[in-house]
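For reference, the structure is listed below as structure tokens.
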Protein chains: 4
Amino acid sequence: MAEAMRATEHQHSYIHNNTKADYLKRLRRIEGQARGLQRMVEEEQYCIDILTQVSAMTKALQSVALGLLDEHMTHCVVDAARHGGPEAEVKIKEASEAIARLVRS
Amino acid sequence: MAEAMRATEHQHSYIHNNTKADYLKRLRRIEGQARGLQRMVEEEQYCIDILTQVSAMTKALQSVALGLLDEHMTHCVVDAARHGGPEAEVKIKEASEAIARLVRS
Amino acid sequence: MAEAMRATEHQHSYIHNNTKADYLKRLRRIEGQARGLQRMVEEEQYCIDILTQVSAMTKALQSVALGLLDEHMTHCVVDAARHGGPEAEVKIKEASEAIARLVRS
Amino acid sequence: MAEAMRATEHQHSYIHNNTKADYLKRLRRIEGQARGLQRMVEEEQYCIDILTQVSAMTKALQSVALGLLDEHMTHCVVDAARHGGPEAEVKIKEASEAIARLVRS
């Protein structure tokens with residue numbers, strides 16, 4: 001039981017402590033970009049300038065997603081593959097579906 | 001001078017008042033998604049779940065961008081084309097570049 | 001009647017003759033990339049190398065799409081806006097939908 | 001030596017025989033779409049219709065890429081992870097870079 005809980009806990013803490021702070025910082029900046037966009041719309045700034053900011057924000061989000069995905073594969077997928085059994089297949093399927101959502105969004 | 005200022009003012013207020021409130025609401029929701037992502041990273045939630053939220057947020061942002069672009073073309077580009085002169089060409093070039101940034105982001 | 005037919009014909013020939021040859025050349029190269037991918041799969045080349053070629057081909061296709069869209073807006077949309085009437089609105093709606101398909105694909 | 005060659009051969013033939021025929025069929029269809037686009041440009045068909053075909057072709061290409069990537073991770077990445085050593089890390093890095101190219105293209 002304690003074993004299982006630790007296993008679960010381990011699965012979740014795949015984000016390394018040194019990168020966690022970095023992701024939080026990038027997501028706070030993205031939150032700031034969302035607020036900046038509201039101000040631009042509020043002040044009726046020029047549409048093309050707003051769109052430029054939306055593109056920058058989308059790129060920042062994508063970059064966070066690609067980083068998280070890389071960490072997920074490096075830790076979670078590789079661990080599952082090493083432990084063997086059907087878990088690896090489940091993890092790959094999950095990752096593939098997440099990649100498809102990213103590519104199509 | 002007053003003429004020019006009014007022209008500029010008109011150019012900027014291309015977002016209709018009834019859609020402006022809608023954009024602000026959608027951008028506030030996107031800001032909320034950015035905060036939700038920070039909480040998920042903070043709590044070390046499962047990476048795939050975080051990526052699902054990132055995809056949802058990216059789609060929401062894209063949808064705002066496509067709406068703004070449509071309004072921009074309906075008002076700003078069409079107006080410029082009607083007034084004639086080189087302005088229309090400038091507007092189309094600007095819009096094309098914004099579209100390219102969206103497609104590539 | 002002859003007038004109307006010529007108008008329709010004009011609408012279709014929005015691709016300038018000097019750019020038409022360029023588009024055909026780029027599309028032939030894209031067709032060649034599709035054949036190259038078949039050879040790579042046939043020869044069971046390394047997956048990552050095949051994916052690199054798919055990304056290059058996708059970028060080439062996107063670039064053709066953005067060029068066609070720019071020409072379409074410069075000629076067709078601007079013409080419709082100048083002629084006035086509901087046609088401009090129809091053209092903008094059509095272009096916006098095409099842009100949305102490009103951004104989401 | 002023979003060992004090494006077999007290992008290399010194994011690495012390359014990650015595409016299962018039953019899916020290889022399917023990929024070739026899909027890529028032939030994509031090649032046909034590229035030829036169809038040339039005909040549309042040649043005949044100066046309506047730009048929006050050409051763009052619709054480009055979007056369909058891009059989606060078909062993306063779908064092939066996502067399938068290849070899934071197979072690559074299921075076989076190549078999982079195998080590397082099971083064998084242990086630095087190979088897994090190299091494979092993940094390679095896959096992450098391929099995913100980034102797909103997401104950004």
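Residue numbering restarts at 1 for every chain of the structure tokens, chains are lettered A, B, ... in their displayed order, and ligands are numbered from 1 as they appear.
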At most 9 Å to chain C: residues in chain A, only C-alpha atoms, as a PDB file with N, CA and C atoms, in the first residue's frame:
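Once written, iface-v3.pdb looks like this:
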```pdb
ATOM      1  N   VAL A 103      -0.076  18.763 -32.029  1.00  0.00           N
ATOM      2  CA  VAL A 103       0.163  18.998 -33.459  1.00  0.00           C
ATOM      3  C   VAL A 103      -1.091  19.603 -34.098  1.00  0.00           C
ATOM      4  N   ARG A 104      -2.260  19.135 -33.663  1.00  0.00           N
ATOM      5  CA  ARG A 104      -3.508  19.609 -34.265  1.00  0.00           C
ATOM      6  C   ARG A 104      -4.050  20.866 -33.622  1.00  0.00           C
ATOM      7  N   SER A 105      -3.428  21.359 -32.550  1.00  0.00           N
ATOM      8  CA  SER A 105      -3.966  22.582 -31.906  1.00  0.00           C
ATOM      9  C   SER A 105      -3.121  23.788 -32.298  1.00  0.00           C
TER      10      SER A 105
END
```
Using only C-alpha atoms, find each residue in range 7-101 of chain C having at least one atom no more than 12 Å away from range 53-64 of chain B; report its shortest atom-to-atom pair and that distance in Å (one decimal), rows by chain then rising number, as JSON lines.
```
{"residue": "C:Ser96", "atom": "CA", "partner": "B:Ser63", "partner_atom": "CA", "distance": 11.6}
{"residue": "C:Glu97", "atom": "CA", "partner": "B:Ser63", "partner_atom": "CA", "distance": 11.7}
{"residue": "C:Ile99", "atom": "CA", "partner": "B:Gln62", "partner_atom": "CA", "distance": 11.2}
{"residue": "C:Ala100", "atom": "CA", "partner": "B:Ser63", "partner_atom": "CA", "distance": 8.5}
{"residue": "C:Arg101", "atom": "CA", "partner": "B:Gln62", "partner_atom": "CA", "distance": 11.4}
```
Atoms kept (N, CA and C atoms) for selection, written as a short mmCIF file (atom, residue, chain, number, x, y, z; two decimals), in the first residue's frame:
```cif
data_model
loop_
_atom_site.label_atom_id
_atom_site.label_comp_id
_atom_site.auth_asym_id
_atom_site.auth_seq_id
_atom_site.Cartn_x
_atom_site.Cartn_y
_atom_site.Cartn_z
N SER C 96 -11.89 33.90 -44.34
CA SER C 96 -11.72 33.62 -42.91
C SER C 96 -11.82 32.13 -42.63
N GLU C 97 -12.77 31.47 -43.30
CA GLU C 97 -12.93 30.02 -43.10
C GLU C 97 -11.71 29.26 -43.63
N ILE C 99 -8.67 30.46 -43.80
CA ILE C 99 -7.59 30.73 -42.85
C ILE C 99 -7.72 29.83 -41.62
N ALA C 100 -8.95 29.70 -41.12
CA ALA C 100 -9.17 28.84 -39.95
C ALA C 100 -8.76 27.40 -40.24
N ARG C 101 -9.08 26.93 -41.46
CA ARG C 101 -8.68 25.55 -41.81
C ARG C 101 -7.16 25.42 -41.86
#
```
>> Using DSSP assignments from the backbone, pull out every residue in chain B that falls under alpha helix (DSSP H) and give it to me as number ranges by chain.
In response: B: 2-12, 17-42, 47-72, 78-83, 87-104
> What's the 8 Å shell around Leu24 in chain B, counting only C-alpha atoms, without same-chain residues fewer than 4 positions away, as a PyMOL selection string?
Replying inline: (chain A and resi 38+41-42) or (chain B and resi 20+28)
Let me see the file: selected residues, N, CA and C atoms, as a tab-separated table (two decimals), in the first residue's frame.
```tsv
chain	number	residue	atom	x	y	z
A	38	GLN	N	-5.78	41.55	-22.77
A	38	GLN	CA	-7.02	42.18	-22.33
A	38	GLN	C	-6.90	43.71	-22.36
A	41	VAL	N	-7.10	44.93	-25.96
A	41	VAL	CA	-8.48	44.93	-26.47
A	41	VAL	C	-9.26	46.06	-25.80
A	42	GLU	N	-9.08	46.20	-24.48
A	42	GLU	CA	-9.77	47.26	-23.72
A	42	GLU	C	-9.46	48.64	-24.34
B	20	LYS	N	-16.41	43.28	-28.30
B	20	LYS	CA	-15.31	43.63	-27.39
B	20	LYS	C	-15.48	42.95	-26.02
B	28	ARG	N	-10.11	36.66	-20.36
B	28	ARG	CA	-10.06	36.44	-18.90
B	28	ARG	C	-10.06	34.95	-18.60
```
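The two atoms in question, CA of Ala21 in chain D and CA of Leu68 in chain D, are spaced 12.8 Å apart.
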